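Everything below concerns the one structure shown next.
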Amino acid sequence: MSTTETGHAQQDSYEPSEEFVAQANAGKELFDAADADRDAFWAEQANRLHWHEPFTQVLDWSDAPVAKWFVGGKLNVAYNCVDRHVLDGHGDQVAIHWEGDPGDSRDLTYNDLLAEVSRAANTFTDLGLEAGDRVAIYMPMVPEAIIAMLACARLGLTHSVVFAGFSPTALRSRVDDAEARLVITTDGQWRRGKSAPLKEAVDEALYANGDVPHSVEHVLVVRRTEIEIPWTEGRDLWWHDTVAKASPEHACTAFDAEHPLFILYTSGTTGKPKGIIHTTGGYLTQTAYTHHYVFDHKPGKDVYWCTADIGWVTGHSYIVYGPLANRATQVVYEGTPNSPDEHRHWNIVEKYKVSIYYTAPTLVRTFMKWGHTIPGAHDLSSIRLLGSVGEPINPEAWRWYRKYIGADKAPIVDTWWQTETGAIMMSPLPGVTATKPGAAMGPLPGISAKVVDENGKDVTRGDTEANGYLVLDQPWPSMLRGIWGDSERYKATYWEKYAEQGWYFAGDGAKIDTDGAYWVLGRVDDVMNVSGHRISTAEVESALVGHRKVAEAAVVGATDDTTGQGIVAFVILKGSAGEVDSDALVKELKAEVAREISPIARPREIHVVPELPKTRSGKIMRRLLRDVAEGRELGDTSTLVDPSVFEAIRASK
Ligand code: PRX
């Protein structure tokens with residue numbers, strides 16, 4: 001964002017309307033309460049949940065950086081998300097309006113959800129699974145995916161959801177790392193009205209590496225597209241032969257507040273994804289708290305729609321756990337925004353009278369490209385609040401979103417958080433905070449964040465030139481508890497940079513304007529953000545050098561009008577590659593990356609170059625490659641061994 005744009009945006013501030021303030025869940029007193037007594041504040045938020053056994057201590061930080069929240073407390077996540085609403089007399093309320101890609105739909109009430117989750121829990125128990133075991137879930141957006149997650153939570157099984165767009169290789173590495181005993185999948189998945197195989201990928205993953213043994217005992221398959229699938233007798237089971245026939249009654253037990261709820265893999269700065277661990281009490285407290293106040297959610301009245309996929313943390317926290325803990329009625333949509341045409345989302349909003357809509361900036365920019373006449377053809381008057389997540393939202397997209405989707409009055413909550421934080425950390429509070437296009441505004445009540453320089457000194461407000469880093473200087477309930485199987489990496493990744501101060505380093509650059517509003521500027525490490533998905537440069541580089549003709553690869557994220565960042569790769573070929581048709585090779589390499597990681601990681605551009613720019617110590621100068629990729633004048637090249645490499649690199653573009 002240019003300084004002038006930022007300058008302009010800073011003038012451009014939207015106060016909450018009186019009408020909104022009058023009915024808002026949050027008031028200024030929330031900040032006062034959190035400031036007055038942080039522990040008491042979080043205890044109060046935790047007590048919005050049902051505890052089978054009350055906690056005796058709010059926070060134990062003696063083993064930092066591994067926190068224990070709500071010490072001694074016991075609860076069951078599924079009970080909180082389902083049973084208690086039924087017991088409170090809301091069993092007939094719709095929990096999920098599910099909308100399938102080809103146009104089929106299904107409503108599940110809280111009664112239905114309780115029966116389905118209980119059936120799945122009984123089946124998992126029959127399969128011999130016990131609390132603490134890991135289950136991999138590799139599914140499209142079908143209700144059974146949510147049911148499977150809740151059934152795991154009900155039994156204290158730790159789930160690891162793997163995005164159904166990931167490759168068999170990616171699935172296998174996650175299954176192996178977590179030693180999952182069960183994989184749950186579907187026969188196929190619908191994509192723009194066409195059926196594509198999915199179970200096949202599970203088989204490929206489990207047979208990958210030849211005969212190397214794996215931990216999986218069973219593969220449970222939901223029938224979705226009726227596509228032909230490979231079958232292994234004894235190992236594979238149909239959902240409709242097992243879960244559907246199991247008893248709909250299941251008495252749950254409670255688990256310790258620190259029992260691991262799930263592992264979710266995310267990209268870091270190395271090629272190996274990190275299994276982020278989240279636990280039970282603190283995670284559910286903060287997801288429910290933020291969902292209630294940030295989205296101003298009114299149970300039984302609002303129709304809430306978060307467009308994320310359960311394969312990402314947004315789907316975990318703001319489709320499954322937060323909303324269901326708050327007794328939401330929500331839309332869950334299986335398909336893409338342009339299937340069968342670009343009206344799909346607005347048809348769904350009209351059909352269910354969606355009142356809260358939470359999506360990613362990349363989608364807002366796509367809608368902008370399609371043109372405002374598309375949403376303009378629909379009655380969107382049910383919408384009263386809009387949300388954004390995944391990357392900084394550019395002010396132009398923000399203003400468009402408010403004007404054409406929010407009828408120029410719906411507040412926009414720009415929510416900053418991460419897989420690691422588990423729940424929203426910074427966001428305007430609707431009804432309290434004035435919003436500025438492009439700013440996450442500030443930490444929520446109970447959360448503490450700072451923007452500091454390299455040495456940990458606060459950056460000056462309004463200093464647009466400072467390289468500020470975003471840090472979290474106090475533990476928070478839904479914080480990650482570690483990286484699965486690698487506690488050293490946990491400490492090194494997040495806690496080393498500001499070890500002296502004991503702060504968590506988020507990996508994002510940020511600044512604070514003269515009004516004290518926080519602006520998150522994006523990653524400062526080698527993590528790219530493509531359409532709100534985190535992808536590490538190292539992962540893509542390692543997929544590229546896996547090709548027999550590639551000697552070396554360097555990958556950077558370059559600004560992209562639609563996807564935020566696009567992946568741009570520079571590769572050097574092996575001497576043995578001989579004469580190559582570079583167009584054909586580039587195509588092959590793009591396909592290779594899509595196959596190895598996922599289609600979302602397919603590079604936008606690949607350039608075959610004779611050399612990569614390196615410093616004398618052999619480090620690739622990514623900053624300069626980014627300059628090239630974004631068509632800028634080169635920055636300082638004085639530390640390069642051979643500054644002339646750029647002529648050759650430019651010539652190859
Ligand atoms: O760079 C920040 C960006 O997304 C990163 C976290 O990615 P992930 O763990 O995949 O979680 C995405 C969904 C929570 C952050 O480090 N990011 C996320 N939300 C915002 C954002 N950047 C700016 N503004 C946001 N609202």
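Simple scheme: letters A, B, ... for chains in structure tokens order, numbers from 1 for residues in each chain, numbers from 1 for ligands in the order shown.
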Exercise. Step by step, measure atom-to-atom distances between ligand 1 and each residue using only C-alpha atoms and all ligand atoms, keep those at most 8 Å, then write them as number ranges by chain.
Key: A: 266, 312-314, 388-393, 414-420, 422-424, 426-427, 438-440, 506-508, 519-523, 529, 532-534
Given the selection you just returned, output its residues as a file containing N, CA, C and O atoms, formatted as a CSV table (one decimal), in the first residue's frame.
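Saved as out-v7.csv:
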chain,number,residue,atom,x,y,z
A,266,THR,N,0.5,-26.4,9.0
A,266,THR,CA,0.6,-25.1,8.2
A,266,THR,C,2.0,-24.9,7.8
A,266,THR,O,3.0,-25.5,8.3
A,312,TRP,N,-8.8,-25.4,6.6
A,312,TRP,CA,-7.9,-24.3,7.1
A,312,TRP,C,-8.4,-24.0,8.5
A,312,TRP,O,-9.5,-24.3,8.9
A,313,VAL,N,-7.6,-23.2,9.2
A,313,VAL,CA,-8.0,-22.9,10.6
A,313,VAL,C,-9.3,-22.1,10.7
A,313,VAL,O,-10.1,-22.2,11.6
A,314,THR,N,-9.6,-21.3,9.7
A,314,THR,CA,-10.8,-20.5,9.7
A,314,THR,C,-12.0,-21.4,9.7
A,314,THR,O,-13.0,-21.1,10.4
A,388,SER,N,-13.7,-10.1,7.1
A,388,SER,CA,-12.6,-10.3,6.2
A,388,SER,C,-11.5,-11.0,7.0
A,388,SER,O,-11.2,-10.7,8.1
A,389,VAL,N,-10.8,-12.0,6.3
A,389,VAL,CA,-9.7,-12.7,7.0
A,389,VAL,C,-8.8,-13.3,6.0
A,389,VAL,O,-9.2,-13.6,4.9
A,390,GLY,N,-7.5,-13.4,6.4
A,390,GLY,CA,-6.6,-14.2,5.6
A,390,GLY,C,-5.4,-13.4,5.1
A,390,GLY,O,-4.3,-13.9,4.9
A,391,GLU,N,-5.6,-12.1,4.8
A,391,GLU,CA,-4.5,-11.3,4.3
A,391,GLU,C,-5.0,-9.8,4.5
A,391,GLU,O,-6.1,-9.6,4.8
A,392,PRO,N,-4.0,-8.9,4.4
A,392,PRO,CA,-4.5,-7.5,4.5
A,392,PRO,C,-5.5,-7.2,3.4
A,392,PRO,O,-5.3,-7.7,2.2
A,393,ILE,N,-6.6,-6.5,3.7
A,393,ILE,CA,-7.6,-6.2,2.7
A,393,ILE,C,-7.2,-4.8,2.2
A,393,ILE,O,-7.1,-3.9,2.9
A,414,ASP,N,-12.3,-6.5,10.0
A,414,ASP,CA,-11.1,-7.0,9.4
A,414,ASP,C,-10.4,-7.8,10.5
A,414,ASP,O,-9.8,-7.2,11.4
A,415,THR,N,-10.4,-9.1,10.5
A,415,THR,CA,-9.9,-9.9,11.6
A,415,THR,C,-8.5,-10.4,11.3
A,415,THR,O,-8.3,-11.2,10.4
A,416,TRP,N,-7.6,-10.0,12.1
A,416,TRP,CA,-6.2,-10.6,12.0
A,416,TRP,C,-6.0,-11.7,13.0
A,416,TRP,O,-6.3,-11.5,14.2
A,417,TRP,N,-5.5,-12.8,12.5
A,417,TRP,CA,-5.2,-13.9,13.4
A,417,TRP,C,-4.4,-14.9,12.5
A,417,TRP,O,-4.1,-14.7,11.4
A,418,GLN,N,-4.1,-16.1,13.1
A,418,GLN,CA,-3.2,-17.1,12.4
A,418,GLN,C,-3.6,-18.5,12.9
A,418,GLN,O,-4.3,-18.6,13.9
A,419,THR,N,-3.2,-19.5,12.1
A,419,THR,CA,-3.4,-20.9,12.5
A,419,THR,C,-2.9,-21.0,14.0
A,419,THR,O,-3.5,-21.7,14.8
A,420,GLU,N,-1.8,-20.4,14.3
A,420,GLU,CA,-1.1,-20.5,15.6
A,420,GLU,C,-1.9,-19.8,16.7
A,420,GLU,O,-1.9,-20.3,17.8
A,422,GLY,N,-5.2,-19.5,16.8
A,422,GLY,CA,-6.4,-20.3,17.0
A,422,GLY,C,-7.7,-19.5,16.9
A,422,GLY,O,-8.7,-20.1,16.5
A,423,ALA,N,-7.6,-18.3,17.2
A,423,ALA,CA,-8.8,-17.4,17.1
A,423,ALA,C,-8.4,-16.0,16.8
A,423,ALA,O,-7.2,-15.7,16.9
A,424,ILE,N,-9.4,-15.2,16.6
A,424,ILE,CA,-9.2,-13.8,16.2
A,424,ILE,C,-8.5,-13.1,17.4
A,424,ILE,O,-8.8,-13.2,18.5
A,426,MET,N,-6.9,-9.6,16.6
A,426,MET,CA,-7.1,-8.1,16.3
A,426,MET,C,-8.3,-8.0,15.4
A,426,MET,O,-8.4,-8.7,14.4
A,427,SER,N,-9.1,-7.0,15.7
A,427,SER,CA,-10.3,-6.7,14.9
A,427,SER,C,-11.0,-5.5,15.5
A,427,SER,O,-11.0,-5.3,16.7
A,438,GLY,N,-8.8,-1.2,5.5
A,438,GLY,CA,-7.5,-1.8,5.4
A,438,GLY,C,-6.8,-2.0,6.7
A,438,GLY,O,-5.7,-2.6,6.8
A,439,ALA,N,-7.5,-1.6,7.8
A,439,ALA,CA,-6.8,-1.8,9.1
A,439,ALA,C,-7.6,-2.8,10.0
A,439,ALA,O,-8.8,-2.7,10.1
A,440,ALA,N,-6.8,-3.6,10.7
A,440,ALA,CA,-7.4,-4.6,11.6
A,440,ALA,C,-7.7,-3.8,13.0
A,440,ALA,O,-8.2,-4.4,13.9
A,506,ALA,N,4.9,-12.9,15.5
A,506,ALA,CA,3.9,-13.5,14.6
A,506,ALA,C,4.4,-13.7,13.2
A,506,ALA,O,3.7,-14.3,12.4
A,507,GLY,N,5.5,-13.1,12.8
A,507,GLY,CA,6.0,-13.2,11.5
A,507,GLY,C,5.4,-12.2,10.5
A,507,GLY,O,5.7,-12.2,9.3
A,508,ASP,N,4.6,-11.2,11.1
A,508,ASP,CA,4.0,-10.2,10.2
A,508,ASP,C,4.7,-8.8,10.5
A,508,ASP,O,5.0,-8.5,11.6
A,519,TRP,N,-2.1,-1.5,11.6
A,519,TRP,CA,-2.2,-2.0,10.2
A,519,TRP,C,-1.2,-3.1,10.0
A,519,TRP,O,0.0,-3.0,10.2
A,520,VAL,N,-1.8,-4.3,9.6
A,520,VAL,CA,-0.9,-5.4,9.4
A,520,VAL,C,-0.5,-5.4,7.9
A,520,VAL,O,-1.3,-5.3,7.0
A,521,LEU,N,0.8,-5.5,7.7
A,521,LEU,CA,1.3,-5.3,6.3
A,521,LEU,C,1.7,-6.6,5.6
A,521,LEU,O,2.0,-6.6,4.4
A,522,GLY,N,1.6,-7.7,6.3
A,522,GLY,CA,1.9,-9.0,5.6
A,522,GLY,C,3.2,-9.6,6.1
A,522,GLY,O,3.9,-9.0,7.0
A,523,ARG,N,3.5,-10.8,5.6
A,523,ARG,CA,4.6,-11.6,6.2
A,523,ARG,C,6.0,-10.9,6.0
A,523,ARG,O,6.2,-10.3,4.9
A,529,ASN,N,1.5,-15.7,0.8
A,529,ASN,CA,0.1,-15.7,1.1
A,529,ASN,C,-0.7,-15.6,-0.2
A,529,ASN,O,-0.8,-14.5,-0.8
A,532,GLY,N,-5.0,-16.0,0.4
A,532,GLY,CA,-5.3,-16.3,1.8
A,532,GLY,C,-4.7,-17.6,2.3
A,532,GLY,O,-4.9,-18.0,3.5
A,533,HIS,N,-4.0,-18.4,1.4
A,533,HIS,CA,-3.4,-19.7,1.8
A,533,HIS,C,-1.9,-19.5,2.1
A,533,HIS,O,-1.2,-18.9,1.3
A,534,ARG,N,-1.5,-20.1,3.1
A,534,ARG,CA,-0.1,-19.9,3.5
A,534,ARG,C,0.7,-21.0,2.8
A,534,ARG,O,0.5,-22.2,2.9
Return as a tab-separated table the residues of region 176-212 of chain A lying at most 12 Å from region 232-238 of chain A, together with the closest atom-to-atom pair for each and the distance in Å to one decimal, counting only C-alpha atoms, with rows in chain order and ascending residue number.
residue	atom	partner	partner_atom	distance
A:Arg181	CA	A:Arg235	CA	11.0
A:Leu182	CA	A:Arg235	CA	9.6
A:Val183	CA	A:Asp236	CA	9.5
A:Ile184	CA	A:Leu237	CA	9.5
A:Thr185	CA	A:Trp238	CA	9.8
A:Thr186	CA	A:Trp238	CA	9.3
A:Asp187	CA	A:Trp238	CA	9.4
A:Lys199	CA	A:Asp236	CA	10.2
A:Glu200	CA	A:Thr232	CA	11.3
A:Val202	CA	A:Asp236	CA	10.8
A:Asp203	CA	A:Thr232	CA	8.9
A:Leu206	CA	A:Thr232	CA	11.3
A:Tyr207	CA	A:Thr232	CA	11.6
Got a sec: who's within 12 Å of Leu544 (chain A), counting only C-alpha atoms, leaving out chain neighbours fewer than 4 positions off, as a short mmCIF file (atom, residue, chain, number, x, y, z; two decimals) with all heavy atoms, in the first residue's frame?
data_model
loop_
_atom_site.label_atom_id
_atom_site.label_comp_id
_atom_site.auth_asym_id
_atom_site.auth_seq_id
_atom_site.Cartn_x
_atom_site.Cartn_y
_atom_site.Cartn_z
N GLY A 271 10.70 -26.45 4.36
CA GLY A 271 9.85 -27.26 3.50
C GLY A 271 8.89 -28.15 4.27
O GLY A 271 7.90 -28.62 3.74
N THR A 537 8.00 -20.64 0.66
CA THR A 537 8.85 -20.63 -0.54
C THR A 537 9.65 -21.94 -0.59
O THR A 537 9.84 -22.52 -1.65
CB THR A 537 9.81 -19.43 -0.52
OG1 THR A 537 10.51 -19.44 0.71
CG2 THR A 537 9.06 -18.12 -0.66
N ALA A 538 10.08 -22.42 0.58
CA ALA A 538 10.92 -23.62 0.63
C ALA A 538 10.18 -24.86 0.14
O ALA A 538 10.76 -25.73 -0.52
CB ALA A 538 11.42 -23.85 2.05
N GLU A 539 8.88 -24.92 0.44
CA GLU A 539 8.09 -26.08 0.01
C GLU A 539 8.03 -26.13 -1.52
O GLU A 539 8.17 -27.20 -2.13
CB GLU A 539 6.65 -25.88 0.49
CG GLU A 539 6.20 -26.81 1.58
CD GLU A 539 4.79 -26.42 2.03
OE1 GLU A 539 4.58 -25.25 2.43
OE2 GLU A 539 3.92 -27.27 1.99
N VAL A 540 7.79 -24.98 -2.14
CA VAL A 540 7.69 -24.94 -3.60
C VAL A 540 9.06 -25.19 -4.21
O VAL A 540 9.19 -25.92 -5.20
CB VAL A 540 7.09 -23.59 -4.07
CG1 VAL A 540 7.00 -23.53 -5.58
CG2 VAL A 540 5.72 -23.37 -3.44
N ARG A 548 13.81 -33.90 -12.31
CA ARG A 548 15.15 -34.38 -12.67
C ARG A 548 15.99 -33.36 -13.45
O ARG A 548 17.21 -33.44 -13.47
CB ARG A 548 15.06 -35.71 -13.43
CG ARG A 548 14.33 -35.61 -14.73
CD ARG A 548 13.93 -36.93 -15.33
NE ARG A 548 12.82 -36.73 -16.23
CZ ARG A 548 12.94 -36.22 -17.45
NH1 ARG A 548 14.13 -35.95 -17.94
NH2 ARG A 548 11.88 -36.00 -18.20
N LYS A 549 15.36 -32.39 -14.08
CA LYS A 549 16.15 -31.44 -14.87
C LYS A 549 16.54 -30.18 -14.09
O LYS A 549 17.30 -29.35 -14.57
CB LYS A 549 15.37 -31.02 -16.11
CG LYS A 549 15.26 -32.15 -17.13
CD LYS A 549 14.74 -31.69 -18.45
CE LYS A 549 14.74 -32.87 -19.40
NZ LYS A 549 13.76 -32.71 -20.47
N VAL A 550 16.00 -30.02 -12.88
CA VAL A 550 16.23 -28.77 -12.16
C VAL A 550 17.38 -28.91 -11.16
O VAL A 550 17.40 -29.83 -10.34
CB VAL A 550 14.94 -28.33 -11.43
CG1 VAL A 550 15.19 -27.10 -10.56
CG2 VAL A 550 13.84 -28.06 -12.45
N ALA A 551 18.32 -27.97 -11.24
CA ALA A 551 19.45 -28.00 -10.31
C ALA A 551 19.15 -27.17 -9.07
O ALA A 551 19.42 -27.58 -7.95
CB ALA A 551 20.69 -27.44 -11.01
N GLU A 552 18.57 -26.00 -9.28
CA GLU A 552 18.35 -25.10 -8.17
C GLU A 552 17.10 -24.26 -8.44
O GLU A 552 16.78 -23.98 -9.60
CB GLU A 552 19.54 -24.15 -8.05
CG GLU A 552 20.17 -24.18 -6.68
CD GLU A 552 21.27 -23.14 -6.57
OE1 GLU A 552 22.18 -23.12 -7.41
OE2 GLU A 552 21.17 -22.35 -5.63
N ALA A 553 16.43 -23.85 -7.36
CA ALA A 553 15.22 -23.05 -7.56
C ALA A 553 15.14 -21.98 -6.48
O ALA A 553 15.56 -22.21 -5.34
CB ALA A 553 13.99 -23.94 -7.49
N ALA A 554 14.62 -20.84 -6.85
CA ALA A 554 14.34 -19.79 -5.86
C ALA A 554 12.92 -19.30 -6.13
O ALA A 554 12.55 -19.05 -7.27
CB ALA A 554 15.33 -18.65 -6.01
N VAL A 555 12.16 -19.19 -5.05
CA VAL A 555 10.75 -18.84 -5.20
C VAL A 555 10.45 -17.58 -4.38
O VAL A 555 10.91 -17.46 -3.24
CB VAL A 555 9.88 -20.03 -4.73
CG1 VAL A 555 8.43 -19.62 -4.55
CG2 VAL A 555 9.99 -21.18 -5.72
N VAL A 568 6.20 -16.80 -7.93
CA VAL A 568 7.10 -16.63 -9.07
C VAL A 568 8.37 -17.41 -8.76
O VAL A 568 8.99 -17.22 -7.72
CB VAL A 568 7.41 -15.15 -9.32
CG1 VAL A 568 8.37 -14.99 -10.49
CG2 VAL A 568 6.12 -14.38 -9.59
N ALA A 569 8.72 -18.32 -9.68
CA ALA A 569 9.88 -19.18 -9.44
C ALA A 569 10.96 -18.92 -10.48
O ALA A 569 10.67 -18.61 -11.64
CB ALA A 569 9.45 -20.65 -9.50
N PHE A 570 12.20 -19.02 -10.04
CA PHE A 570 13.35 -18.93 -10.93
C PHE A 570 14.10 -20.24 -10.80
O PHE A 570 14.42 -20.66 -9.68
CB PHE A 570 14.25 -17.76 -10.51
CG PHE A 570 13.55 -16.43 -10.58
CD1 PHE A 570 12.80 -15.96 -9.49
CD2 PHE A 570 13.62 -15.64 -11.71
CE1 PHE A 570 12.15 -14.74 -9.55
CE2 PHE A 570 12.97 -14.40 -11.78
CZ PHE A 570 12.23 -13.95 -10.70
N VAL A 571 14.36 -20.91 -11.92
CA VAL A 571 15.06 -22.20 -11.81
C VAL A 571 16.30 -22.23 -12.70
O VAL A 571 16.34 -21.61 -13.76
CB VAL A 571 14.15 -23.41 -12.20
CG1 VAL A 571 12.98 -23.53 -11.25
CG2 VAL A 571 13.64 -23.30 -13.63
N ILE A 572 17.29 -22.94 -12.22
CA ILE A 572 18.49 -23.20 -13.02
C ILE A 572 18.45 -24.68 -13.37
O ILE A 572 18.14 -25.52 -12.51
CB ILE A 572 19.78 -22.99 -12.20
CG1 ILE A 572 19.75 -21.66 -11.48
CG2 ILE A 572 21.01 -23.09 -13.09
CD1 ILE A 572 21.03 -21.39 -10.70
N LEU A 573 18.76 -24.98 -14.62
CA LEU A 573 18.71 -26.38 -15.04
C LEU A 573 20.04 -27.07 -14.82
O LEU A 573 21.10 -26.43 -14.77
CB LEU A 573 18.32 -26.47 -16.51
CG LEU A 573 16.97 -25.85 -16.84
CD1 LEU A 573 16.61 -26.11 -18.30
CD2 LEU A 573 15.86 -26.38 -15.93
N LEU A 585 8.84 -27.29 -20.62
CA LEU A 585 9.38 -27.59 -19.29
C LEU A 585 8.64 -26.80 -18.21
O LEU A 585 8.31 -27.33 -17.14
CB LEU A 585 10.89 -27.30 -19.26
CG LEU A 585 11.53 -27.57 -17.90
CD1 LEU A 585 11.55 -29.06 -17.59
CD2 LEU A 585 12.95 -27.01 -17.84
N VAL A 586 8.39 -25.53 -18.50
CA VAL A 586 7.70 -24.69 -17.52
C VAL A 586 6.32 -25.28 -17.20
O VAL A 586 5.92 -25.38 -16.05
CB VAL A 586 7.59 -23.23 -18.04
CG1 VAL A 586 6.54 -22.44 -17.26
CG2 VAL A 586 8.94 -22.55 -17.96
N LYS A 587 5.64 -25.73 -18.25
CA LYS A 587 4.33 -26.37 -18.05
C LYS A 587 4.45 -27.59 -17.17
O LYS A 587 3.67 -27.80 -16.24
CB LYS A 587 3.78 -26.81 -19.41
CG LYS A 587 2.65 -25.95 -19.88
CD LYS A 587 1.87 -26.67 -20.98
CE LYS A 587 1.21 -25.63 -21.85
NZ LYS A 587 1.18 -25.98 -23.25
N GLU A 588 5.47 -28.39 -17.48
CA GLU A 588 5.70 -29.62 -16.72
C GLU A 588 5.99 -29.30 -15.25
O GLU A 588 5.48 -29.96 -14.34
CB GLU A 588 6.94 -30.30 -17.32
CG GLU A 588 6.90 -31.80 -17.40
CD GLU A 588 8.18 -32.29 -18.08
OE1 GLU A 588 8.28 -32.19 -19.33
OE2 GLU A 588 9.07 -32.74 -17.36
N LEU A 589 6.79 -28.27 -15.04
CA LEU A 589 7.16 -27.92 -13.66
C LEU A 589 5.96 -27.39 -12.88
O LEU A 589 5.79 -27.70 -11.70
CB LEU A 589 8.27 -26.87 -13.66
CG LEU A 589 9.65 -27.36 -14.12
CD1 LEU A 589 10.63 -26.19 -14.21
CD2 LEU A 589 10.20 -28.43 -13.17
N LYS A 590 5.12 -26.61 -13.55
CA LYS A 590 3.93 -26.09 -12.86
C LYS A 590 3.04 -27.27 -12.43
O LYS A 590 2.53 -27.31 -11.32
CB LYS A 590 3.13 -25.16 -13.77
CG LYS A 590 3.78 -23.80 -13.95
CD LYS A 590 2.88 -22.88 -14.76
CE LYS A 590 3.54 -21.52 -14.93
NZ LYS A 590 2.76 -20.60 -15.75
N ALA A 591 2.91 -28.24 -13.34
CA ALA A 591 2.07 -29.41 -13.04
C ALA A 591 2.69 -30.22 -11.90
O ALA A 591 1.99 -30.74 -11.03
CB ALA A 591 1.92 -30.27 -14.28
N GLU A 592 4.02 -30.27 -11.90
CA GLU A 592 4.72 -31.04 -10.86
C GLU A 592 4.45 -30.45 -9.46
O GLU A 592 4.19 -31.16 -8.50
CB GLU A 592 6.23 -31.00 -11.18
CG GLU A 592 7.13 -31.62 -10.14
CD GLU A 592 7.31 -33.12 -10.32
OE1 GLU A 592 6.76 -33.66 -11.30
OE2 GLU A 592 7.98 -33.72 -9.46
N VAL A 593 4.52 -29.12 -9.37
CA VAL A 593 4.29 -28.48 -8.07
C VAL A 593 2.83 -28.71 -7.63
O VAL A 593 2.56 -29.03 -6.47
CB VAL A 593 4.60 -26.96 -8.14
CG1 VAL A 593 4.25 -26.28 -6.82
CG2 VAL A 593 6.06 -26.73 -8.49
N ALA A 594 1.90 -28.58 -8.60
CA ALA A 594 0.49 -28.79 -8.27
C ALA A 594 0.28 -30.21 -7.77
O ALA A 594 -0.47 -30.46 -6.83
CB ALA A 594 -0.39 -28.53 -9.49
N ARG A 595 0.98 -31.16 -8.39
CA ARG A 595 0.82 -32.56 -8.00
C ARG A 595 1.48 -32.83 -6.65
O ARG A 595 0.94 -33.52 -5.80
CB ARG A 595 1.46 -33.44 -9.08
CG ARG A 595 0.97 -34.87 -9.09
CD ARG A 595 1.40 -35.67 -10.30
NE ARG A 595 2.75 -35.37 -10.73
CZ ARG A 595 3.07 -34.85 -11.91
NH1 ARG A 595 2.13 -34.56 -12.78
NH2 ARG A 595 4.33 -34.59 -12.23
N GLU A 596 2.67 -32.30 -6.47
CA GLU A 596 3.43 -32.56 -5.24
C GLU A 596 2.78 -31.92 -4.01
O GLU A 596 2.77 -32.49 -2.93
CB GLU A 596 4.85 -32.00 -5.38
CG GLU A 596 5.87 -32.99 -5.88
CD GLU A 596 6.02 -34.19 -4.96
OE1 GLU A 596 6.31 -33.97 -3.77
OE2 GLU A 596 5.83 -35.32 -5.43
N ILE A 597 2.30 -30.69 -4.17
CA ILE A 597 1.75 -29.97 -3.01
C ILE A 597 0.23 -29.85 -3.15
O ILE A 597 -0.51 -30.50 -2.44
CB ILE A 597 2.39 -28.58 -2.84
CG1 ILE A 597 3.92 -28.70 -2.83
CG2 ILE A 597 1.90 -27.92 -1.56
CD1 ILE A 597 4.65 -27.38 -2.87
N ALA A 601 -0.72 -24.26 -4.95
CA ALA A 601 0.70 -23.88 -4.92
C ALA A 601 1.30 -23.78 -6.32
O ALA A 601 2.50 -23.54 -6.48
CB ALA A 601 1.48 -24.89 -4.09
N ARG A 602 0.47 -23.96 -7.36
CA ARG A 602 0.99 -23.89 -8.74
C ARG A 602 1.56 -22.49 -9.01
O ARG A 602 0.87 -21.49 -8.84
CB ARG A 602 -0.16 -24.16 -9.72
CG ARG A 602 0.26 -24.18 -11.18
CD ARG A 602 -0.97 -24.11 -12.08
NE ARG A 602 -1.85 -25.26 -11.90
CZ ARG A 602 -1.74 -26.41 -12.57
NH1 ARG A 602 -0.82 -26.53 -13.50
NH2 ARG A 602 -2.55 -27.40 -12.33
N PRO A 603 2.85 -22.41 -9.40
CA PRO A 603 3.44 -21.08 -9.63
C PRO A 603 2.73 -20.32 -10.75
O PRO A 603 2.32 -20.91 -11.74
CB PRO A 603 4.89 -21.39 -10.02
CG PRO A 603 5.16 -22.74 -9.48
CD PRO A 603 3.85 -23.47 -9.56
N ILE A 606 7.17 -19.28 -14.04
CA ILE A 606 8.45 -19.94 -13.77
C ILE A 606 9.42 -19.43 -14.84
O ILE A 606 9.10 -19.45 -16.03
CB ILE A 606 8.34 -21.47 -13.85
CG1 ILE A 606 7.38 -22.00 -12.77
CG2 ILE A 606 9.72 -22.13 -13.70
CD1 ILE A 606 7.24 -23.52 -12.72
N HIS A 607 10.57 -18.98 -14.42
CA HIS A 607 11.57 -18.49 -15.37
C HIS A 607 12.80 -19.37 -15.31
O HIS A 607 13.35 -19.60 -14.22
CB HIS A 607 11.95 -17.05 -15.04
CG HIS A 607 10.77 -16.14 -15.03
ND1 HIS A 607 10.14 -15.74 -16.18
CD2 HIS A 607 10.06 -15.62 -14.00
CE1 HIS A 607 9.10 -14.98 -15.86
NE2 HIS A 607 9.02 -14.91 -14.54
N VAL A 608 13.20 -19.87 -16.47
CA VAL A 608 14.44 -20.65 -16.52
C VAL A 608 15.56 -19.63 -16.70
O VAL A 608 15.55 -18.85 -17.66
CB VAL A 608 14.40 -21.65 -17.69
CG1 VAL A 608 15.70 -22.43 -17.75
CG2 VAL A 608 13.21 -22.58 -17.53
#
Residue with the minimum atom-to-atom distance to Ala328 (chain A), picked from A:Phe31, A:Trp503, A:Tyr110, A:Tyr289 with only C-alpha atoms counted, is A:Tyr110
Using only C-alpha atoms, which protein or nucleic acid residues come within 9 Å of Val364 (chain A)? Drop anything in the same chain fewer than 2 positions from it, and give the result as a PyMOL selection string. chain A and resi 359-362+366-369+388+393+397-398+400-401+562
